[in-house]
Amino acid sequence: MAAVSGWLRRAWDHDLAWSFRRSPVTILAALLTLACVGGALFAPWIAPHNPFDSATLNLSDGFSPPAWTAQGSAKYLLGTDDQGRDVLSTIMYGARISLGVGLAAVLFSALLGVSLGLLSGYLGGRLDAFIMRVADIQLSFPAILIALLIDGVARVALPHALHDELAIYVLVLAIGVSGWVQYARTVRGSTLVEKNKEYVQAARVIGRHPLAIMLRHVLPNVMGPVLVIATIHIATAIITEATLSFLGVGVPPTQPSLGTLVRIGNDFLISGEWWITLFPGLALVVLVLSVNLLGDWLRDALNPKLR
Amino acid sequence: MSAPLLEVKDLRVEFPTRRGTLVAVDGVSFAIDPGEVLGVVGESGAGKSLTGMAIIGLLEPPGRIAAGEIRLEGERIDKLPPERMRRIRGRRIGAIFQDPLTSLNPLYTIGDQLVETILTHLDVDKAQARSRALKLLAEVGIPAPEGRVDHYPHQFSGGMRQRVVIALALAAEPRLIVADEPTTALDVSIQAQIIALLKRLARDHGVAVMLITHDMGVIAETADRVAVMYAGRLAELGPVREVIHEPRHPYTAGLMGSIPKIGILQRHARLVQIDGAMPRLNAIPPGCAFNPRCPKRFARCTTERPELLTVGNARASCWLYADERR
Amino acid sequence: MSADNGPLVRLIEVGRDFDVSRPWLNRVLEGASRQLLRAVEDVSFEVAKGETLALVGESGCGKSTVARLIVGLYALSRGRIEFDGMDLAAPGTEAPALRRRMQMIFQDPYASLNPRWRVRDIVAEPIRVLGLSATPEAERERVAELLRQVGLAPEDGEKYPHEFSGGQRQRISIARALSGNPEFLVCDEPTSALDVSVQAQILNLMTDLQERLGLTYLFISHNLAVVSHIADRVGVMYLGRMVELAEAERLFAAPRHPYTRMLMDAIPDLQMTGKARTPVAGEVPNPLAPPTGCAFHPRCPHANDRCRAERPALLGPETGAVACHAVAEKRI
C-alpha cells in the first residue's frame with residue numbers, strides 16, 4: 001500500500017503531471033475525453049434508452065425535439081429521430097462504434113508502422129529502400145482515398161452478407177493501412193539514430209541476435225514520439241471513419257457510428273428537424289477536439305527542448 | 001599600474017527551476033589587465049562557461065545574473081539593455097566558442113561574415129572592410145586568402161574553420177576576447193597550432209584573452225594568470241607558474257596530480273586521484289564546497305565558506321591560509 | 001588447445017574499406033565513380049597475454065576502426081585476425097566461443113548504456129546471454145560483486161543510468177564488460193569524455209583490475225600522456241596505417257617516426273620547461289585522396305623524392321618498428 005501511494009506521489013510530482021496541472025485547457029480536454037469515453041464505454045448501462053431494441057421504440061414519439069424546447073419532453077433529452085430513437089442514446093452507442101473503430105485502427109496502424117519502421121531503420125539496405133518507397137508512394141494518395149480503395153475492394157470481393165458482418169473489421173483495416181506511414185517514418189528516423197549509439201554496439205559485441213536488439217534495446221527508446229502520434233491519430237481515425245460512414249461506405253446502418261448519424265440526420269435538416277444531425281455532429285467535434293488538444297499537450301510536454 | 005580592462009566582482013549567476021533556485025556561479029571575483037591572458041580552468045559543472053557567457057551577455061534564460069558587477073574599462077556592462085550590449089559585444093568583446101562548425105553560418109561565405117562584422121562595428125566602407133578581412137585571414141594563417149575568402153564554411157577543415165572564427169573575433173578590434181574551449185574539438189596537432197596563434201595575436205593586437213578550458217596544458221602554454229573554479233566558486237587565482245608548480249588549494253593540488261604527464265611517473269604507477277565527484281549544484285555542502293573530498297579539511301571547513309585569502313603571489317579560498325588570529 | 005607462448009591477439013595485414021559512394025541514382029546521373037575509403041590498410045601487430053597495447057593517432061587515423069574490426073562490429077575487407085592462435089573469420093562454431101573471451105568499453109559514457117534499462121540488467125546482460133549463472137540468486141550476487149569491484153554499491157543496480165555521473169557510468173560499462181569473464185578488453189578512448197580527476201580514478205581502476213584479473217588491454221586513445229601511464233607498447237597510426245610500434249619507454253624517450261615526434265611536440269608542456277615548440281604545419285589530408293607514397297610526406301620536414309613515390313613498410317620487431325624511409329636510410 002505504501003508502495004502504491006509512494007508511486008502515486010512520485011507520479012503526481014513528475015514533470016508530465018506538473019505540466020498537465022498547469023494547463024486548464026488540457027485539464028478540460030482530458031475531462032471531456034473521459035466523459036466521451038465513459039459515456040461510450042458504459043452506454044449499455046447508462047444510456048436512457050436502447051435505440052436498437054425495436055420493442056421499446058415508439059414511432060409516435062418520432063421527431064420529438066429536444067427537451068428544452070416547447071414540444072420536447074424530458075424523456076428524450078436531445079429529441080428523437082424519425083423512428084422514435086432517442087438521440088442522446090444513439091449518440092452514446094454511436095460514440096462506441098466511432099471510438100472502437102478509431103482505437104482499433106490506430107492500434108493496427110501503430111503496430112504495422114512501428115514494426116516496419118524498426119526493421120527498415122535497423123536492417124537498412126534494400127529492405128529499407130523498398131519499405132520507404134512504398135511509404136512514399138502511399139503518401140502521394142490522400143488517406144481517405146486509400147481507405148476507400150480498400151473498402152471498395154472488400155465490397156467487391158466479399159459476398160454481400162459476409163461484407164456486412166465484416167464491415168467493421170474491413171474499416172479498421174482500411175483506416176489502419178492508410179495511416180501506418182507516419183509511424184514508420186518517425187520510428188525509422190529514431191532507429192537510425194539509436195542504431196549508432198554505443199549501447200547498441202555493446203549489445204552486438206555481447207553477441208545478441210539482431211531481433212533481440214531491435215525489440216529489447218532499440219524499441220523502448222524510440223517509442224516516445226509514437227505515443228504522441230497515436231493520440232493525434234485517434235482523432236484523425238475517428239474523423240476518417242465518420243467521413244466514410246457519412247459517404248455511406250463505412251459502418252453498416254445497423255451499427256451506426258457518429259458519422260452515420262450525421263448522414264441520416266442530414267436528410268431531415270431541410271425539413272427543420274435540426275437536432276437529429278446537429279447533436280451527433282457536435283458530439284463528434286467535441287470528441288475529436290478534446291483528443292487533439294490532449295495530443296498537443298502530450299507532444300509539447302514530452303518535448304525536452306521546450307521544458 | 002594601469003586600470004584593469006575587465007573587473008568582475010562577486011558575480012552570481014542563478015537558474016530558477018521549479019525545484020528551487022540553482023546557483024551556478026557563486027560570488028566570483030577577478031580582474032583582467034589589458035593585454036593579459038587569464039585562464040579560467042575547471043571541470044565540467046564548475047561554472048566557467050557560464051561566467052564567460054555572463055560577461056559576453058549571452059546567458060540563456062532562465063539563467064540570469066542575480067548579483068555582482070561586471071565592468072569593462074570602468075563601465076558596468078552587466079545590467080545593460082540588449083541593444084547597448086549588442087554593440088559592445090563584437091566591438092569591444094570578441095568571442096570564440098568550442099565548435100567551429102556551429103560558430104559559422106553555413107549559408108554565407110566567410111568573406112561575407114567577416115565583412116558584415118567589420119561593417120557593423122567599424123566606420124569603414126565596403127572596400128576597406130574587404131581588404132581588412134583579407135588581412136585578417138592572412139594573419140590567422142589561412143594560405144592564399146584571396147582565393148578562399150569567398151568559400152563557404154563547409155569547404156574548410158576543422159582547424160581552418162577555427163582560424164576563421166578567430167579572425168571573426170578580431171575583426172572589430174576588440175579589447176577582450178572570451179574564448180570558451182577553443183581547442184577542445186580539434187586534433188592535438190591542430191590544437192598546438194591554434195594555441196600558438198592565439199598567443200601571437202593577443203600579443204600583436206594588444207588584446208586581453210579570457211581563456212576558458214578544462215585543459216591545464218593549454219593554460220600552461222598560453223596564460224599569464226589562471227583562475228581555478230570549483231562548484232561555481234573560485235578556488236585559486238594566481239600567476240600560472242605558481243598555481244601549476246605550487247598549488248595552494250588542495251583541489252588544485254589534486255587536479256595537478258591527477259593529470260597524466262609523460263616521463264614523470266613510472267608506468268603503471270597510480271595517478272593521484274581525488275575520491276568522489278564535484279557536487280551537483282543542488283547539493284553543495286555547507287562551508288567549503290570541496291571539504292568532503294579534501295584530505296586536509298578540519299572543523300572550520302565544514303561550517304564556514306572560505307574567502308579568497310592571499311598566499312604569496314596568489315590567492316586561494318582555503319582556511320589553511322587564514323591567519324592564526326582569525 | 002591454446003598456444004601458450006603465442007600472442008593472445010594477432011592482426012595480419014588487416015584492412016577495411018568503407019563504400020562512401022553517392023547513392024546509385026546520383027552516380028548514374030553524374031557519371032561519378034564509386035568512392036572507397038580505406039580506413040585501415042595493411043595493419044599488423046600482436047598483443048601478448050597480460051600486456052597493454054595502446055593505439056594512438058588523431059581523428060581519422062583508423063584506430064577506432066581497428067578496435068571494431070577486432071570485436072567483430074565491422075567485417076574485415078582484407079587480412080586476418082587471430083585470437084589465441086585461431087582465425088576469427090574461420091567458418092564453424094569456433095568464432096563465437098572465441099568472441100566471448102573479448103569485450104569492449106566505449107568512449108561516450110552517455111551513449112554506451114541503454115537509458116531505459118536498469119543498471120543491474122545492463123551489467124547482467126552478458127551473464128544472461130552466455131548463460132553463466134545457474135540461478136537468479138547467483139546472477140544477482142555476481143552483479144553485486146561486479147558493482148563492488150568497480151567501486152559502486154550493489155544498491156546502484158536498481159537505478160537508471162541517468163542518475164549517475166559520467167565517471168560512474170564508465171564504471172558501469174566496465175562492470176558490464178567484465179561480467180562475461182573476458183580475457184581481452186578493447187577500450188576505445190574510455191576516458192576521453194571524462195574530466196581529468198575522474199579520468200585518474202578510471203585509469204587507476206583499470207590498472208587495478210588488470211593486475212587482479214590478469215586482463216589484456218588494447219587501449220585506443222588520442223592522448224599520449226594518458227597512454228604513457230597505462231601502456232606497455234604503443235602503436236602510432238596515421239591515415240589508416242601503422243607508422244611506428246614500440247615499447248612505451250622507448251617510444252616516449254626517443255620517438256623515431258617524424259609523425260610521432262610531431263605528436264610528442266604537440267603535447268602542451270605542463271612542466272613549462274620553456275622549451276620552444278615548433279607546431280607542425282598542415283592538417284591530416286583527406287582520406288579519400290591520400291598523398292602518394294608516404295602519407296605523411298606533405299607535412300614531413302625530412303621528405304625526399306623516394307618518400308613522395310614509394311610507401312614505406314613497417315620495418316622492425318614488435319618492440320621497435322618504424323615505417324619511414326628517412327629512418328631506414330639513417331637520415332634522421
# chains A, B, ... in the order shown; residues from 1 in each chain; ligands from 1
>>> select_by_dssp(residues="segment 2-80 of chain C", states="strand (DSSP E or B)", output="count of residues only")
31
>>> residues_around(residues="Pro317 of chain C", least_positions_apart="4", cutoff="10 Å", atoms="only C-alpha atoms", output="short mmCIF file (atom, residue, chain, number, x, y, z; two decimals) with C-alpha atoms, in the first residue's frame")
data_model
loop_
_atom_site.label_atom_id
_atom_site.label_comp_id
_atom_site.auth_asym_id
_atom_site.auth_seq_id
_atom_site.Cartn_x
_atom_site.Cartn_y
_atom_site.Cartn_z
CA PHE C 45 50.63 -6.29 -34.78
CA LEU C 245 55.23 0.40 -32.99
CA ALA C 246 57.50 0.31 -29.97
CA ALA C 321 59.29 -0.91 -35.69
CA VAL C 322 59.06 2.21 -37.88
#
>>> closest_residue(among="C:Leu314, C:Leu251, C:Ala200, C:Val56", to="chain B", atoms="only C-alpha atoms")
C:Ala200
>>> interface_residues(of="chain A", to="chain C", cutoff="10 Å", atoms="only C-alpha atoms", output="list in words")
Glu194, Asn196, Lys197, Glu198, Tyr199, Val200, Gln201, Ala202, Ala203, Arg204, Val205, Ile206, Gly207, Arg208, His209, Arg216, His217, Val218, Leu219, Pro220 and Asn221 of chain A
>>> write_last_selection(atoms="N, CA and C atoms", output="PDB file, in the first residue's frame")
ATOM      1  N   GLU A 194      19.482   5.730 -32.929  1.00  0.00           N
ATOM      2  CA  GLU A 194      19.820   4.837 -31.823  1.00  0.00           C
ATOM      3  C   GLU A 194      20.781   3.737 -32.256  1.00  0.00           C
ATOM      4  N   ASN A 196      23.294   3.780 -34.036  1.00  0.00           N
ATOM      5  CA  ASN A 196      24.708   4.113 -33.988  1.00  0.00           C
ATOM      6  C   ASN A 196      25.206   4.412 -32.586  1.00  0.00           C
ATOM      7  N   LYS A 197      24.309   4.358 -31.623  1.00  0.00           N
ATOM      8  CA  LYS A 197      24.756   4.654 -30.264  1.00  0.00           C
ATOM      9  C   LYS A 197      25.494   3.458 -29.690  1.00  0.00           C
ATOM     10  N   GLU A 198      26.345   3.771 -28.759  1.00  0.00           N
ATOM     11  CA  GLU A 198      27.250   2.724 -28.301  1.00  0.00           C
ATOM     12  C   GLU A 198      26.569   1.621 -27.510  1.00  0.00           C
ATOM     13  N   TYR A 199      25.410   1.870 -26.914  1.00  0.00           N
ATOM     14  CA  TYR A 199      24.794   0.771 -26.168  1.00  0.00           C
ATOM     15  C   TYR A 199      24.293  -0.312 -27.119  1.00  0.00           C
ATOM     16  N   VAL A 200      23.925   0.066 -28.319  1.00  0.00           N
ATOM     17  CA  VAL A 200      23.539  -0.931 -29.308  1.00  0.00           C
ATOM     18  C   VAL A 200      24.773  -1.704 -29.775  1.00  0.00           C
ATOM     19  N   GLN A 201      25.877  -0.981 -29.966  1.00  0.00           N
ATOM     20  CA  GLN A 201      27.109  -1.660 -30.360  1.00  0.00           C
ATOM     21  C   GLN A 201      27.556  -2.609 -29.262  1.00  0.00           C
ATOM     22  N   ALA A 202      27.388  -2.174 -28.006  1.00  0.00           N
ATOM     23  CA  ALA A 202      27.769  -3.043 -26.888  1.00  0.00           C
ATOM     24  C   ALA A 202      26.956  -4.329 -26.932  1.00  0.00           C
ATOM     25  N   ALA A 203      25.660  -4.199 -27.236  1.00  0.00           N
ATOM     26  CA  ALA A 203      24.821  -5.392 -27.302  1.00  0.00           C
ATOM     27  C   ALA A 203      25.279  -6.299 -28.437  1.00  0.00           C
ATOM     28  N   ARG A 204      25.720  -5.725 -29.529  1.00  0.00           N
ATOM     29  CA  ARG A 204      26.227  -6.550 -30.633  1.00  0.00           C
ATOM     30  C   ARG A 204      27.503  -7.257 -30.229  1.00  0.00           C
ATOM     31  N   VAL A 205      28.362  -6.559 -29.498  1.00  0.00           N
ATOM     32  CA  VAL A 205      29.604  -7.194 -29.070  1.00  0.00           C
ATOM     33  C   VAL A 205      29.293  -8.342 -28.107  1.00  0.00           C
ATOM     34  N   ILE A 206      28.267  -8.156 -27.263  1.00  0.00           N
ATOM     35  CA  ILE A 206      27.889  -9.229 -26.350  1.00  0.00           C
ATOM     36  C   ILE A 206      27.382 -10.424 -27.132  1.00  0.00           C
ATOM     37  N   GLY A 207      26.908 -10.173 -28.347  1.00  0.00           N
ATOM     38  CA  GLY A 207      26.517 -11.299 -29.189  1.00  0.00           C
ATOM     39  C   GLY A 207      25.016 -11.501 -29.307  1.00  0.00           C
ATOM     40  N   ARG A 208      24.246 -10.460 -29.047  1.00  0.00           N
ATOM     41  CA  ARG A 208      22.800 -10.654 -29.105  1.00  0.00           C
ATOM     42  C   ARG A 208      22.298 -10.682 -30.534  1.00  0.00           C
ATOM     43  N   HIS A 209      21.207 -11.405 -30.723  1.00  0.00           N
ATOM     44  CA  HIS A 209      20.582 -11.534 -32.028  1.00  0.00           C
ATOM     45  C   HIS A 209      19.981 -10.192 -32.448  1.00  0.00           C
ATOM     46  N   ARG A 216      14.455  -5.300 -27.614  1.00  0.00           N
ATOM     47  CA  ARG A 216      14.726  -5.011 -26.215  1.00  0.00           C
ATOM     48  C   ARG A 216      15.549  -3.750 -26.013  1.00  0.00           C
ATOM     49  N   HIS A 217      16.369  -3.400 -26.987  1.00  0.00           N
ATOM     50  CA  HIS A 217      17.207  -2.223 -26.800  1.00  0.00           C
ATOM     51  C   HIS A 217      16.667  -1.002 -27.527  1.00  0.00           C
ATOM     52  N   VAL A 218      16.370  -1.181 -28.830  1.00  0.00           N
ATOM     53  CA  VAL A 218      16.012  -0.004 -29.626  1.00  0.00           C
ATOM     54  C   VAL A 218      14.572   0.425 -29.380  1.00  0.00           C
ATOM     55  N   LEU A 219      13.661  -0.518 -29.409  1.00  0.00           N
ATOM     56  CA  LEU A 219      12.232  -0.185 -29.333  1.00  0.00           C
ATOM     57  C   LEU A 219      11.868   0.693 -28.138  1.00  0.00           C
ATOM     58  N   PRO A 220      12.305   0.359 -26.912  1.00  0.00           N
ATOM     59  CA  PRO A 220      11.916   1.224 -25.798  1.00  0.00           C
ATOM     60  C   PRO A 220      12.380   2.664 -25.973  1.00  0.00           C
ATOM     61  N   ASN A 221      13.447   2.858 -26.732  1.00  0.00           N
ATOM     62  CA  ASN A 221      13.984   4.207 -26.864  1.00  0.00           C
ATOM     63  C   ASN A 221      13.381   5.005 -28.022  1.00  0.00           C
TER      64      ASN A 221
END
>>> residues_around(residues="Arg311 of chain C", least_positions_apart="3", cutoff="9 Å", atoms="only C-alpha atoms", output="list of chain:residue names")
C:Thr292, C:Gly293, C:Cys294, C:Ala295, C:Arg306, C:Cys307, C:Arg308, C:Ala323, C:Cys324, C:His325
>>> write_last_selection(atoms="N, CA and C atoms", output="short mmCIF file (atom, residue, chain, number, x, y, z; two decimals), in the first residue's frame")
data_model
loop_
_atom_site.label_atom_id
_atom_site.label_comp_id
_atom_site.auth_asym_id
_atom_site.auth_seq_id
_atom_site.Cartn_x
_atom_site.Cartn_y
_atom_site.Cartn_z
N THR C 292 50.46 10.41 -52.41
CA THR C 292 51.19 9.26 -52.96
C THR C 292 52.35 8.93 -52.04
N GLY C 293 52.83 7.73 -52.20
CA GLY C 293 54.00 7.34 -51.40
C GLY C 293 53.67 7.34 -49.92
N CYS C 294 54.53 7.94 -49.13
CA CYS C 294 54.29 8.00 -47.69
C CYS C 294 53.23 9.05 -47.40
N ALA C 295 52.17 8.66 -46.70
CA ALA C 295 51.03 9.56 -46.50
C ALA C 295 51.41 10.80 -45.71
N ARG C 306 61.94 9.80 -52.76
CA ARG C 306 61.52 8.42 -52.54
C ARG C 306 60.27 8.42 -51.65
N CYS C 307 60.22 9.31 -50.67
CA CYS C 307 59.06 9.39 -49.78
C CYS C 307 57.81 9.75 -50.57
N ARG C 308 57.98 10.57 -51.61
CA ARG C 308 56.81 11.00 -52.37
C ARG C 308 56.32 9.91 -53.31
N ALA C 323 57.85 2.84 -39.88
CA ALA C 323 57.61 2.85 -41.33
C ALA C 323 58.06 4.19 -41.87
N CYS C 324 59.33 4.32 -42.15
CA CYS C 324 59.84 5.62 -42.59
C CYS C 324 61.12 5.42 -43.38
N HIS C 325 61.17 5.98 -44.57
CA HIS C 325 62.38 5.85 -45.39
C HIS C 325 63.55 6.57 -44.74
#
>>> decode(residues="segment 194-286 of chain C", atoms="C-alpha atoms", output="tab-separated table (two decimals), in the first residue's frame")
chain	number	residue	atom	x	y	z
C	194	LEU	CA	35.75	12.43	-18.67
C	195	ASP	CA	37.08	15.21	-16.51
C	196	VAL	CA	40.72	14.97	-15.60
C	197	SER	CA	40.20	13.98	-11.97
C	198	VAL	CA	37.60	11.39	-12.93
C	199	GLN	CA	39.93	10.11	-15.63
C	200	ALA	CA	42.55	9.48	-12.98
C	201	GLN	CA	40.05	7.37	-11.00
C	202	ILE	CA	39.10	5.31	-14.02
C	203	LEU	CA	42.69	4.77	-15.14
C	204	ASN	CA	43.65	3.65	-11.65
C	205	LEU	CA	40.66	1.31	-11.60
C	206	MET	CA	41.61	-0.19	-14.93
C	207	THR	CA	45.19	-0.74	-13.79
C	208	ASP	CA	43.98	-2.43	-10.59
C	209	LEU	CA	41.57	-4.68	-12.47
C	210	GLN	CA	44.23	-5.68	-14.92
C	211	GLU	CA	46.50	-6.78	-12.09
C	212	ARG	CA	43.78	-8.56	-10.20
C	213	LEU	CA	42.09	-10.34	-13.09
C	214	GLY	CA	45.04	-10.84	-15.43
C	215	LEU	CA	43.43	-8.91	-18.27
C	216	THR	CA	44.94	-7.97	-21.59
C	217	TYR	CA	44.10	-4.49	-22.89
C	218	LEU	CA	44.05	-2.85	-26.27
C	219	PHE	CA	43.81	0.82	-25.34
C	220	ILE	CA	42.79	3.32	-28.00
C	221	SER	CA	43.47	6.98	-27.32
C	222	HIS	CA	44.48	10.25	-28.89
C	223	ASN	CA	46.06	11.41	-25.64
C	224	LEU	CA	49.72	10.45	-25.48
C	225	ALA	CA	50.06	11.44	-21.83
C	226	VAL	CA	47.30	9.05	-20.78
C	227	VAL	CA	48.88	6.34	-22.90
C	228	SER	CA	52.26	6.87	-21.28
C	229	HIS	CA	50.73	5.82	-17.98
C	230	ILE	CA	48.92	2.73	-18.99
C	231	ALA	CA	50.67	1.19	-21.98
C	232	ASP	CA	53.45	-1.38	-22.26
C	233	ARG	CA	53.73	-0.91	-26.00
C	234	VAL	CA	52.40	1.82	-28.26
C	235	GLY	CA	51.36	1.75	-31.91
C	236	VAL	CA	51.08	5.06	-33.71
C	237	MET	CA	48.66	5.26	-36.62
C	238	TYR	CA	48.34	7.80	-39.41
C	239	LEU	CA	45.74	7.75	-42.16
C	240	GLY	CA	44.93	4.09	-41.72
C	241	ARG	CA	48.45	2.75	-41.39
C	242	MET	CA	50.77	1.93	-38.54
C	243	VAL	CA	53.78	4.19	-38.70
C	244	GLU	CA	55.55	3.22	-35.51
C	245	LEU	CA	55.23	0.40	-32.99
C	246	ALA	CA	57.50	0.31	-29.97
C	247	GLU	CA	57.82	-0.31	-26.28
C	248	ALA	CA	56.37	2.65	-24.41
C	249	GLU	CA	59.54	3.70	-22.66
C	250	ARG	CA	61.48	3.65	-25.86
C	251	LEU	CA	58.79	5.50	-27.81
C	252	PHE	CA	58.49	8.31	-25.32
C	253	ALA	CA	62.18	8.65	-24.71
C	254	ALA	CA	63.20	8.53	-28.35
C	255	PRO	CA	60.39	8.63	-30.90
C	256	ARG	CA	61.67	7.79	-34.36
C	257	HIS	CA	58.93	8.44	-36.89
C	258	PRO	CA	58.54	12.15	-37.77
C	259	TYR	CA	54.82	11.98	-37.07
C	260	THR	CA	55.40	10.52	-33.61
C	261	ARG	CA	57.88	13.27	-32.94
C	262	MET	CA	55.34	15.81	-34.08
C	263	LEU	CA	52.68	14.35	-31.80
C	264	MET	CA	55.02	14.43	-28.85
C	265	ASP	CA	55.89	18.00	-29.65
C	266	ALA	CA	52.26	18.99	-29.83
C	267	ILE	CA	51.55	17.97	-26.26
C	268	PRO	CA	51.26	21.11	-24.16
C	269	ASP	CA	54.21	21.48	-21.87
C	270	LEU	CA	52.79	21.24	-18.40
C	271	GLN	CA	56.18	21.37	-16.76
C	272	MET	CA	56.70	24.67	-18.51
C	273	THR	CA	60.29	23.92	-19.21
C	274	GLY	CA	60.16	26.81	-21.61
C	275	LYS	CA	61.28	24.58	-24.43
C	276	ALA	CA	60.41	26.14	-27.71
C	277	ARG	CA	57.97	24.02	-29.63
C	278	THR	CA	57.55	24.19	-33.35
C	279	PRO	CA	53.92	23.50	-34.06
C	280	VAL	CA	53.73	21.34	-37.13
C	281	ALA	CA	52.32	22.68	-40.31
C	282	GLY	CA	49.39	21.32	-42.23
C	283	GLU	CA	46.49	19.11	-41.38
C	284	VAL	CA	45.56	15.50	-41.86
C	285	PRO	CA	44.87	15.04	-45.59
C	286	ASN	CA	41.55	13.87	-46.95
